Amino acid sequence: MHETIRRGAAGLAALFLSAPAWAAAKAEPAIPDPARDWDRLWNEVIFDITIIGILFAIVTAWFIWQGRRRPGNEVGASPKLSPASAVGWVVIPIFVFLSIDLYTAANGWVLWNTYRDVPDKRLEIKLESGMYSWDYTYPNGVRTQNELVVPAGMPVVLRMTSRDTLHSHYIPDFRVKEDSMPGRITYLWFNPTKPGEHIVTCAEYCGVMHGYMAGRIIVKAPEEYAAWIKGEETKLAAASAPEPAAPAASKPAKPAAKKT
């Protein structure tokens with residue numbers, strides 16, 4: 001009896017002691033993944049279109065069969081519908097198919113708002129696009145061209161502009177695409193969850209070499225990214241350091257004048 005009470009008290013104490021940590025973990029919202037949500041919505045659209053297409057194909061086949069030519073030039077007759085039946089055959093299918101469209105549109109609107117809501121905890125990088133390159137600038141001043149290195153598990157925001165014409169930064173693997181243009185700052189964000197490489201292309205025709213405007217995103221593990229960014233900072237500091245001044249050349253001593 002006493003052992004049961006003791007174990008119960010110990011369990012309650014452990015529960016109360018772990019409650020603050022549990023509450024803190026629960027309070028921290030999970031980072032959304034727009035790429036996965038876009039895929040889910042796309043699959044729903046494809047499923048709806050397939051079902052609707054099959055239904056229309058069945059109805060069309062039935063009408064073809066009913067209206068086929070018969071021997072003896074038989075003349076068919078359509079059934080007489082009451083006004084209520086005629087209205088029902090028109091209104092009910094319209095609302096059925098319209099409800100599917102409205103459901104899909106509402107989900108797309110919610111997903112778009114989620115995508116435009118940037119997470120508070122993020123890595124923010126500046127992007128200047130131009131013919132024909134992507135130029136990235138990190139918060140510490142490190143710059144890269146056509147190659148964006150980011151850590152896994154951290155949402156990345158690109159603040160974008162253009163130095164010449166309209167471009168569109170497209171990352172197919174993350175299902176994000178946004179225009180960059182002169183005189184205006186736009187943004188996009190994506191959530192790299194695991195290490196790997198991803199293609200970047202320009203999705204807006206920007207000139208005769210538009211097809212060559214490609215880059216890549218390299219997602220590294222957090223510790224590998226930290227080592228990489230530290231090395232780039234060291235290189236930047238070494239390149240920015242002033243060169244040491246050359247020592248002044250000493251003038252040769254004048255020969256002593258001869259006494260006469």
# chains A, B, ... in the order shown; residues from 1 in each chain; ligands from 1
$ closest_atom_pairs --of "region 176-230 of chain A" --to "region 30-47 of chain A" --cutoff "10 Å" --atoms "only C-alpha atoms" --output "CSV"
residue,atom,partner,partner_atom,distance
A:Val176,CA,A:Ala35,CA,7.6
A:Trp189,CA,A:Pro34,CA,9.4
A:Phe190,CA,A:Pro34,CA,7.6
A:Asn191,CA,A:Asp33,CA,6.3
A:Pro192,CA,A:Asp33,CA,9.0
A:Thr193,CA,A:Asp33,CA,9.0
$ write_last_selection --atoms "N, CA and C atoms" --output "mmCIF file, in the first residue's frame"
data_model
loop_
_atom_site.group_PDB
_atom_site.id
_atom_site.type_symbol
_atom_site.label_atom_id
_atom_site.label_comp_id
_atom_site.auth_asym_id
_atom_site.auth_seq_id
_atom_site.Cartn_x
_atom_site.Cartn_y
_atom_site.Cartn_z
ATOM 1 N N VAL A 176 8.239 27.027 -55.291
ATOM 2 C CA VAL A 176 8.143 28.473 -55.095
ATOM 3 C C VAL A 176 8.707 29.187 -56.318
ATOM 4 N N TRP A 189 10.057 32.561 -49.763
ATOM 5 C CA TRP A 189 10.723 31.780 -48.731
ATOM 6 C C TRP A 189 10.446 30.300 -48.971
ATOM 7 N N PHE A 190 11.376 29.496 -48.498
ATOM 8 C CA PHE A 190 11.234 28.052 -48.620
ATOM 9 C C PHE A 190 11.816 27.401 -47.372
ATOM 10 N N ASN A 191 11.478 26.152 -47.173
ATOM 11 C CA ASN A 191 11.851 25.451 -45.955
ATOM 12 C C ASN A 191 12.667 24.206 -46.290
ATOM 13 N N PRO A 192 14.008 24.323 -46.350
ATOM 14 C CA PRO A 192 14.832 23.141 -46.631
ATOM 15 C C PRO A 192 14.925 22.257 -45.389
ATOM 16 N N THR A 193 14.416 21.046 -45.473
ATOM 17 C CA THR A 193 14.350 20.176 -44.301
ATOM 18 C C THR A 193 15.498 19.184 -44.213
#
$ atom_distance --atom1 "CA of Pro155 (chain A)" --atom2 "CA of Ala237 (chain A)"
26.8 Å
$ residues_around --residues "Gly215 (chain A)" --least-positions-apart "4" --cutoff "6 Å" --atoms "only C-alpha atoms" --output "list in words"
Asn146, Glu147 and Val200 of chain A
$ select_by_dssp --residues "region 39-149 of chain A" --states "strand (DSSP E)" --output "PDB file with C-alpha atoms, in the first residue's frame"
ATOM      1  CA  LEU A 123      17.708  33.133 -42.438  1.00  0.00           C
ATOM      2  CA  GLU A 124      17.281  36.255 -44.561  1.00  0.00           C
ATOM      3  CA  ILE A 125      19.416  36.689 -47.678  1.00  0.00           C
ATOM      4  CA  LYS A 126      19.460  39.467 -50.283  1.00  0.00           C
ATOM      5  CA  LEU A 127      19.233  38.521 -53.948  1.00  0.00           C
ATOM      6  CA  GLU A 128      20.075  40.761 -56.893  1.00  0.00           C
ATOM      7  CA  SER A 129      19.241  39.181 -60.225  1.00  0.00           C
ATOM      8  CA  GLY A 130      20.726  40.309 -63.503  1.00  0.00           C
ATOM      9  CA  SER A 133      23.174  35.485 -62.812  1.00  0.00           C
ATOM     10  CA  TRP A 134      21.780  35.243 -59.311  1.00  0.00           C
ATOM     11  CA  ASP A 135      23.854  37.232 -56.794  1.00  0.00           C
ATOM     12  CA  TYR A 136      23.249  36.357 -53.130  1.00  0.00           C
ATOM     13  CA  THR A 137      24.405  38.436 -50.153  1.00  0.00           C
ATOM     14  CA  ARG A 143      28.528  36.941 -51.375  1.00  0.00           C
ATOM     15  CA  THR A 144      27.973  34.060 -53.767  1.00  0.00           C
ATOM     16  CA  GLN A 145      26.881  33.864 -57.379  1.00  0.00           C
ATOM     17  CA  GLU A 147      25.062  29.092 -55.710  1.00  0.00           C
ATOM     18  CA  LEU A 148      23.059  29.525 -52.533  1.00  0.00           C
ATOM     19  CA  VAL A 149      24.268  27.555 -49.507  1.00  0.00           C
TER      20      VAL A 149
END
$ decode --residues "region 219-246 of chain A" --atoms "N, CA and C atoms" --output "PDB file, in the first residue's frame"
ATOM      1  N   VAL A 219      21.869  22.564 -49.743  1.00  0.00           N
ATOM      2  CA  VAL A 219      21.419  22.490 -48.359  1.00  0.00           C
ATOM      3  C   VAL A 219      22.406  21.627 -47.593  1.00  0.00           C
ATOM      4  N   LYS A 220      23.021  22.202 -46.562  1.00  0.00           N
ATOM      5  CA  LYS A 220      23.994  21.492 -45.744  1.00  0.00           C
ATOM      6  C   LYS A 220      23.427  21.221 -44.358  1.00  0.00           C
ATOM      7  N   ALA A 221      23.987  20.219 -43.689  1.00  0.00           N
ATOM      8  CA  ALA A 221      23.666  20.001 -42.282  1.00  0.00           C
ATOM      9  C   ALA A 221      24.094  21.229 -41.483  1.00  0.00           C
ATOM     10  N   PRO A 222      23.398  21.539 -40.371  1.00  0.00           N
ATOM     11  CA  PRO A 222      23.712  22.776 -39.629  1.00  0.00           C
ATOM     12  C   PRO A 222      25.180  22.937 -39.274  1.00  0.00           C
ATOM     13  N   GLU A 223      25.833  21.853 -38.833  1.00  0.00           N
ATOM     14  CA  GLU A 223      27.244  21.991 -38.459  1.00  0.00           C
ATOM     15  C   GLU A 223      28.126  22.225 -39.690  1.00  0.00           C
ATOM     16  N   GLU A 224      27.772  21.599 -40.824  1.00  0.00           N
ATOM     17  CA  GLU A 224      28.544  21.834 -42.044  1.00  0.00           C
ATOM     18  C   GLU A 224      28.345  23.260 -42.555  1.00  0.00           C
ATOM     19  N   TYR A 225      27.117  23.742 -42.443  1.00  0.00           N
ATOM     20  CA  TYR A 225      26.856  25.126 -42.855  1.00  0.00           C
ATOM     21  C   TYR A 225      27.626  26.106 -41.983  1.00  0.00           C
ATOM     22  N   ALA A 226      27.653  25.855 -40.666  1.00  0.00           N
ATOM     23  CA  ALA A 226      28.384  26.754 -39.763  1.00  0.00           C
ATOM     24  C   ALA A 226      29.868  26.798 -40.130  1.00  0.00           C
ATOM     25  N   ALA A 227      30.445  25.643 -40.448  1.00  0.00           N
ATOM     26  CA  ALA A 227      31.859  25.624 -40.845  1.00  0.00           C
ATOM     27  C   ALA A 227      32.059  26.348 -42.173  1.00  0.00           C
ATOM     28  N   TRP A 228      31.121  26.180 -43.094  1.00  0.00           N
ATOM     29  CA  TRP A 228      31.251  26.842 -44.407  1.00  0.00           C
ATOM     30  C   TRP A 228      31.168  28.356 -44.263  1.00  0.00           C
ATOM     31  N   ILE A 229      30.172  28.840 -43.531  1.00  0.00           N
ATOM     32  CA  ILE A 229      29.994  30.288 -43.413  1.00  0.00           C
ATOM     33  C   ILE A 229      31.156  30.905 -42.643  1.00  0.00           C
ATOM     34  N   LYS A 230      31.738  30.161 -41.693  1.00  0.00           N
ATOM     35  CA  LYS A 230      32.905  30.658 -40.971  1.00  0.00           C
ATOM     36  C   LYS A 230      34.099  30.787 -41.907  1.00  0.00           C
ATOM     37  N   GLY A 231      34.275  29.789 -42.774  1.00  0.00           N
ATOM     38  CA  GLY A 231      35.367  29.874 -43.744  1.00  0.00           C
ATOM     39  C   GLY A 231      35.189  31.021 -44.710  1.00  0.00           C
ATOM     40  N   GLU A 232      33.939  31.268 -45.153  1.00  0.00           N
ATOM     41  CA  GLU A 232      33.684  32.382 -46.066  1.00  0.00           C
ATOM     42  C   GLU A 232      33.916  33.727 -45.372  1.00  0.00           C
ATOM     43  N   GLU A 233      33.573  33.813 -44.097  1.00  0.00           N
ATOM     44  CA  GLU A 233      33.848  35.050 -43.344  1.00  0.00           C
ATOM     45  C   GLU A 233      35.348  35.313 -43.260  1.00  0.00           C
ATOM     46  N   THR A 234      36.116  34.244 -43.034  1.00  0.00           N
ATOM     47  CA  THR A 234      37.575  34.396 -42.959  1.00  0.00           C
ATOM     48  C   THR A 234      38.139  34.883 -44.290  1.00  0.00           C
ATOM     49  N   LYS A 235      37.648  34.296 -45.395  1.00  0.00           N
ATOM     50  CA  LYS A 235      38.103  34.739 -46.715  1.00  0.00           C
ATOM     51  C   LYS A 235      37.731  36.197 -46.964  1.00  0.00           C
ATOM     52  N   LEU A 236      36.507  36.575 -46.575  1.00  0.00           N
ATOM     53  CA  LEU A 236      36.062  37.958 -46.773  1.00  0.00           C
ATOM     54  C   LEU A 236      36.907  38.931 -45.967  1.00  0.00           C
ATOM     55  N   ALA A 237      37.199  38.553 -44.718  1.00  0.00           N
ATOM     56  CA  ALA A 237      38.019  39.436 -43.876  1.00  0.00           C
ATOM     57  C   ALA A 237      39.427  39.567 -44.437  1.00  0.00           C
ATOM     58  N   ALA A 238      39.982  38.468 -44.960  1.00  0.00           N
ATOM     59  CA  ALA A 238      41.331  38.529 -45.534  1.00  0.00           C
ATOM     60  C   ALA A 238      41.358  39.379 -46.791  1.00  0.00           C
ATOM     61  N   ALA A 239      40.301  39.289 -47.598  1.00  0.00           N
ATOM     62  CA  ALA A 239      40.263  40.083 -48.827  1.00  0.00           C
ATOM     63  C   ALA A 239      40.037  41.560 -48.547  1.00  0.00           C
ATOM     64  N   SER A 240      39.357  41.861 -47.419  1.00  0.00           N
ATOM     65  CA  SER A 240      39.064  43.260 -47.093  1.00  0.00           C
ATOM     66  C   SER A 240      40.171  43.942 -46.301  1.00  0.00           C
ATOM     67  N   ALA A 241      41.081  43.148 -45.749  1.00  0.00           N
ATOM     68  CA  ALA A 241      42.141  43.737 -44.921  1.00  0.00           C
ATOM     69  C   ALA A 241      43.085  44.560 -45.787  1.00  0.00           C
ATOM     70  N   PRO A 242      43.499  45.727 -45.316  1.00  0.00           N
ATOM     71  CA  PRO A 242      44.434  46.551 -46.106  1.00  0.00           C
ATOM     72  C   PRO A 242      45.802  45.888 -46.181  1.00  0.00           C
ATOM     73  N   GLU A 243      46.430  46.054 -47.310  1.00  0.00           N
ATOM     74  CA  GLU A 243      47.762  45.482 -47.475  1.00  0.00           C
ATOM     75  C   GLU A 243      48.772  46.262 -46.621  1.00  0.00           C
ATOM     76  N   PRO A 244      49.712  45.557 -46.005  1.00  0.00           N
ATOM     77  CA  PRO A 244      50.712  46.278 -45.181  1.00  0.00           C
ATOM     78  C   PRO A 244      51.585  47.178 -46.054  1.00  0.00           C
ATOM     79  N   ALA A 245      51.860  48.359 -45.530  1.00  0.00           N
ATOM     80  CA  ALA A 245      52.669  49.328 -46.294  1.00  0.00           C
ATOM     81  C   ALA A 245      54.104  48.821 -46.419  1.00  0.00           C
ATOM     82  N   ALA A 246      54.673  49.023 -47.590  1.00  0.00           N
ATOM     83  CA  ALA A 246      56.070  48.605 -47.820  1.00  0.00           C
ATOM     84  C   ALA A 246      57.002  49.499 -47.028  1.00  0.00           C
TER      85      ALA A 246
END
